[in-house]
Amino acid sequence: TKNKLCDNIKKTCKLTGDAVLIEKSNTVKAISVKDILTVLSAKWYLIALCALIGASIMFIKVQFFTVDVYRSDGILVVSNVDNSVKDEVVKFTASDMDSSRSLCTSCIELLNSRGFYERVSKELDGKLTPVQVSNMIAVSGRNETDVMDVKVVSVSAKGAYELADCVMKTAPAYIQEIYNKDVVRSAAAAYTPEAPSSKSLSSNVLVGFLCGVVV
């Protein structure tokens with residue numbers, strides 16, 4: 001009995017020892033922020049080099065390989081009440097506002113149609129094809145209101161203004177012909193852009209710099 005008791009004690013000690021060894025082997029040392037900063041500080045020259053290369057690549061890309069794109073905007077407003085009626089005092093109701101918002105959705109679809117692109121192309125004496133016009137203009141609604149934003153892009157400031165001005169002048173007449181009443185008017189005329197909208201040199205260089213740091 002004494003021998004069996006000794007054997008059981010030895011087995012228990014062995015199992016406990018194995019469990020301790022297994023627990024120690026499975027223990028993973030946590031990596032602290034300090035450890036990470038230590039490693040990074042040791043490689044600061046490599047990080048700085050990668051950041052400089054990334055910033056240089058983006059600078060060259062923007063300066064020499066990115067085409068300038070100019071943008072001109074305008075604002076159109078849709079009204080359910082015929083704007084051509086000048087002698088009557090018009091009072092807008094909540095129902096009129098809801099109708100104007102609904103009408104605005106239909107006008108957006110019409111101004112983003114091939115028929116309107118062809119009309120604009122005709123007004124420009126064929127300087128741009130309907131396909132080119134469709135690629136250069138976009139008409140969208142603003143937050144479910146009766147306001148339409150007109151955005152025009154071109155490779156030249158003059159081209160952006162001329163097309164945007166044509167769209168702003170043609171849209172009311174085009175919609176009037178369809179609905180047989182004047183429901184669209186200009187709220188903000190097109191303008192000549194002073195600088196390209198596509199070249200954001202500082203932000204692009206910053207992106208390249210950060211990408212280099214991450215790499």
# chains A, B, ... in the order shown; residues from 1 in each chain; ligands from 1
call {"tool": "residues_around", "arguments": {"residues": "Met168 in chain A", "least_positions_apart": "3", "cutoff": "7 Å", "atoms": "only C-alpha atoms", "output": "PyMOL selection string"}}
result
chain A and resi 74+164-165+171+186
call {"tool": "residues_around", "arguments": {"residues": "Cys104 in chain A", "least_positions_apart": "5", "cutoff": "9 Å", "atoms": "only C-alpha atoms", "output": "short mmCIF file (atom, residue, chain, number, x, y, z; two decimals) with all heavy atoms, in the first residue's frame"}}
result
data_model
loop_
_atom_site.label_atom_id
_atom_site.label_comp_id
_atom_site.auth_asym_id
_atom_site.auth_seq_id
_atom_site.Cartn_x
_atom_site.Cartn_y
_atom_site.Cartn_z
N VAL A 77 -33.35 75.72 -60.36
CA VAL A 77 -34.43 75.50 -59.40
C VAL A 77 -35.70 75.14 -60.16
O VAL A 77 -36.03 75.76 -61.18
CB VAL A 77 -34.67 76.76 -58.53
CG1 VAL A 77 -35.85 76.54 -57.60
CG2 VAL A 77 -33.42 77.07 -57.71
N VAL A 78 -36.39 74.14 -59.66
CA VAL A 78 -37.64 73.69 -60.28
C VAL A 78 -38.82 74.19 -59.46
O VAL A 78 -38.82 74.10 -58.23
CB VAL A 78 -37.68 72.14 -60.36
CG1 VAL A 78 -38.98 71.68 -61.02
CG2 VAL A 78 -36.49 71.63 -61.13
N SER A 79 -39.82 74.73 -60.14
CA SER A 79 -41.02 75.21 -59.47
C SER A 79 -42.25 74.61 -60.13
O SER A 79 -42.36 74.58 -61.36
CB SER A 79 -41.09 76.74 -59.54
OG SER A 79 -42.33 77.20 -59.05
N ASN A 80 -43.17 74.13 -59.34
CA ASN A 80 -44.41 73.56 -59.87
C ASN A 80 -45.30 74.64 -60.47
O ASN A 80 -46.22 74.35 -61.24
CB ASN A 80 -45.16 72.82 -58.76
CG ASN A 80 -46.37 72.08 -59.29
OD1 ASN A 80 -46.28 71.39 -60.30
ND2 ASN A 80 -47.50 72.25 -58.61
N SER A 99 -44.86 68.84 -54.92
CA SER A 99 -44.97 68.67 -56.38
C SER A 99 -43.70 69.13 -57.08
O SER A 99 -43.26 68.52 -58.07
CB SER A 99 -46.18 69.45 -56.90
OG SER A 99 -47.37 68.98 -56.35
N GLU A 109 -33.97 63.47 -64.81
CA GLU A 109 -33.92 62.37 -65.78
C GLU A 109 -33.91 62.91 -67.21
O GLU A 109 -33.18 62.41 -68.07
CB GLU A 109 -35.13 61.45 -65.59
CG GLU A 109 -35.14 60.70 -64.27
CD GLU A 109 -33.94 59.78 -64.13
OE1 GLU A 109 -33.52 59.19 -65.14
OE2 GLU A 109 -33.40 59.67 -63.01
N GLY A 141 -29.82 66.01 -58.17
CA GLY A 141 -30.63 66.70 -57.19
C GLY A 141 -29.85 66.95 -55.92
O GLY A 141 -28.85 66.28 -55.64
N GLU A 144 -32.91 65.82 -51.96
CA GLU A 144 -34.36 65.65 -52.13
C GLU A 144 -35.10 66.99 -52.04
O GLU A 144 -36.19 67.09 -51.47
CB GLU A 144 -34.92 64.67 -51.08
CG GLU A 144 -34.34 63.27 -51.21
CD GLU A 144 -34.96 62.31 -50.21
OE1 GLU A 144 -35.79 62.76 -49.38
OE2 GLU A 144 -34.62 61.12 -50.26
N THR A 145 -34.51 68.01 -52.63
CA THR A 145 -35.16 69.32 -52.69
C THR A 145 -35.55 69.60 -54.14
O THR A 145 -35.47 68.73 -55.00
CB THR A 145 -34.21 70.42 -52.19
OG1 THR A 145 -33.07 70.49 -53.07
CG2 THR A 145 -33.73 70.13 -50.77
N ASP A 146 -35.98 70.83 -54.40
CA ASP A 146 -36.32 71.22 -55.77
C ASP A 146 -35.14 71.89 -56.47
O ASP A 146 -35.32 72.61 -57.46
CB ASP A 146 -37.53 72.15 -55.77
CG ASP A 146 -37.33 73.37 -54.89
OD1 ASP A 146 -36.30 73.44 -54.20
OD2 ASP A 146 -38.20 74.27 -54.89
N VAL A 147 -33.94 71.66 -55.95
CA VAL A 147 -32.72 72.27 -56.49
C VAL A 147 -31.92 71.23 -57.27
O VAL A 147 -31.75 70.10 -56.82
CB VAL A 147 -31.85 72.86 -55.36
CG1 VAL A 147 -30.54 73.42 -55.91
CG2 VAL A 147 -32.62 73.94 -54.61
N MET A 148 -31.42 71.64 -58.45
CA MET A 148 -30.59 70.78 -59.28
C MET A 148 -29.19 71.37 -59.40
O MET A 148 -29.04 72.56 -59.69
CB MET A 148 -31.20 70.60 -60.67
CG MET A 148 -32.53 69.87 -60.69
SD MET A 148 -33.12 69.52 -62.37
CE MET A 148 -33.46 71.19 -62.96
N VAL A 184 -38.49 75.73 -64.84
CA VAL A 184 -37.07 75.68 -64.44
C VAL A 184 -36.43 77.04 -64.65
O VAL A 184 -36.62 77.66 -65.70
CB VAL A 184 -36.30 74.60 -65.24
CG1 VAL A 184 -34.81 74.64 -64.88
CG2 VAL A 184 -36.86 73.22 -64.97
#
call {"tool": "select_by_dssp", "arguments": {"residues": "range 69-199 of chain A", "states": "strand (DSSP E)", "output": "list in words"}}
result
Tyr70, Arg71, Ser72, Asp73, Gly74, Ile75, Leu76, Val77, Val78, Ile137, Ala138, Val139, Ser140, Gly141, Val147, Met148, Asp149, Val150, Lys151, Val152, Val153, Ser154, Val184, Arg185, Ser186, Ala187 and Ala188 of chain A
call {"tool": "residues_around", "arguments": {"residues": "Asp149 in chain A", "least_positions_apart": "5", "cutoff": "8 Å", "atoms": "only C-alpha atoms", "output": "PyMOL selection string"}}
result
chain A and resi 73-76+139-142
call {"tool": "write_last_selection", "arguments": {"atoms": "N, CA, C and O atoms", "output": "PDB file, in the first residue's frame"}}
result
ATOM      1  N   ASP A  73     -19.695  75.029 -62.272  1.00  0.00           N
ATOM      2  CA  ASP A  73     -20.968  74.583 -61.706  1.00  0.00           C
ATOM      3  C   ASP A  73     -22.050  75.629 -61.914  1.00  0.00           C
ATOM      4  O   ASP A  73     -21.781  76.806 -62.124  1.00  0.00           O
ATOM      5  N   GLY A  74     -23.272  75.169 -61.812  1.00  0.00           N
ATOM      6  CA  GLY A  74     -24.436  76.051 -61.862  1.00  0.00           C
ATOM      7  C   GLY A  74     -25.566  75.432 -61.051  1.00  0.00           C
ATOM      8  O   GLY A  74     -25.512  74.255 -60.715  1.00  0.00           O
ATOM      9  N   ILE A  75     -26.577  76.225 -60.747  1.00  0.00           N
ATOM     10  CA  ILE A  75     -27.712  75.739 -59.965  1.00  0.00           C
ATOM     11  C   ILE A  75     -29.009  76.096 -60.678  1.00  0.00           C
ATOM     12  O   ILE A  75     -29.220  77.246 -61.079  1.00  0.00           O
ATOM     13  N   LEU A  76     -29.874  75.096 -60.821  1.00  0.00           N
ATOM     14  CA  LEU A  76     -31.201  75.284 -61.393  1.00  0.00           C
ATOM     15  C   LEU A  76     -32.241  74.973 -60.326  1.00  0.00           C
ATOM     16  O   LEU A  76     -32.053  74.075 -59.505  1.00  0.00           O
ATOM     17  N   VAL A 139     -26.097  66.255 -64.096  1.00  0.00           N
ATOM     18  CA  VAL A 139     -27.161  66.995 -63.410  1.00  0.00           C
ATOM     19  C   VAL A 139     -27.700  66.104 -62.301  1.00  0.00           C
ATOM     20  O   VAL A 139     -28.076  64.960 -62.538  1.00  0.00           O
ATOM     21  N   SER A 140     -27.728  66.624 -61.081  1.00  0.00           N
ATOM     22  CA  SER A 140     -28.171  65.822 -59.937  1.00  0.00           C
ATOM     23  C   SER A 140     -29.013  66.669 -58.998  1.00  0.00           C
ATOM     24  O   SER A 140     -28.934  67.905 -59.004  1.00  0.00           O
ATOM     25  N   GLY A 141     -29.820  66.007 -58.172  1.00  0.00           N
ATOM     26  CA  GLY A 141     -30.632  66.697 -57.190  1.00  0.00           C
ATOM     27  C   GLY A 141     -29.845  66.950 -55.919  1.00  0.00           C
ATOM     28  O   GLY A 141     -28.850  66.279 -55.642  1.00  0.00           O
ATOM     29  N   ARG A 142     -30.310  67.920 -55.141  1.00  0.00           N
ATOM     30  CA  ARG A 142     -29.621  68.252 -53.896  1.00  0.00           C
ATOM     31  C   ARG A 142     -30.518  67.903 -52.702  1.00  0.00           C
ATOM     32  O   ARG A 142     -31.479  68.606 -52.405  1.00  0.00           O
TER      33      ARG A 142
END
call {"tool": "select_by_dssp", "arguments": {"residues": "range 37-198 of chain A", "states": "alpha helix (DSSP H)", "output": "VMD selection string"}}
result
chain A and resid 37 to 42 44 to 60 94 to 111 114 to 123 130 to 136 157 to 179
call {"tool": "residues_around", "arguments": {"residues": "Leu110 in chain A", "least_positions_apart": "3", "cutoff": "12 Å", "atoms": "only C-alpha atoms", "output": "short mmCIF file (atom, residue, chain, number, x, y, z; two decimals) with C-alpha atoms, in the first residue's frame"}}
result
data_model
loop_
_atom_site.label_atom_id
_atom_site.label_comp_id
_atom_site.auth_asym_id
_atom_site.auth_seq_id
_atom_site.Cartn_x
_atom_site.Cartn_y
_atom_site.Cartn_z
CA LEU A 103 -41.07 67.42 -60.76
CA CYS A 104 -37.38 67.99 -60.02
CA THR A 105 -36.76 64.23 -60.17
CA SER A 106 -38.37 64.06 -63.61
CA CYS A 107 -36.37 67.07 -64.83
CA SER A 113 -31.03 62.00 -71.46
CA ARG A 114 -29.63 61.73 -74.96
CA GLY A 115 -32.29 64.14 -76.23
CA PHE A 116 -30.88 66.93 -74.05
CA TYR A 117 -27.29 66.06 -75.00
CA GLU A 118 -28.24 66.37 -78.67
CA ARG A 119 -29.92 69.71 -77.99
CA ALA A 138 -23.85 65.79 -64.80
CA VAL A 139 -27.16 67.00 -63.41
CA SER A 140 -28.17 65.82 -59.94
CA ALA A 171 -32.19 73.47 -69.81
CA PRO A 172 -35.13 75.81 -68.97
CA TYR A 174 -35.85 72.29 -73.14
CA ILE A 175 -38.03 71.49 -70.10
CA GLN A 176 -40.55 74.17 -71.08
CA GLU A 177 -41.02 72.54 -74.49
CA ILE A 178 -41.79 69.20 -72.82
CA TYR A 179 -44.16 70.42 -70.07
#
call {"tool": "closest_residue", "arguments": {"among": "A:Val183, A:Tyr191, A:Val131, A:Arg101", "to": "Asn143 in chain A", "atoms": "only C-alpha atoms"}}
result
A:Arg101
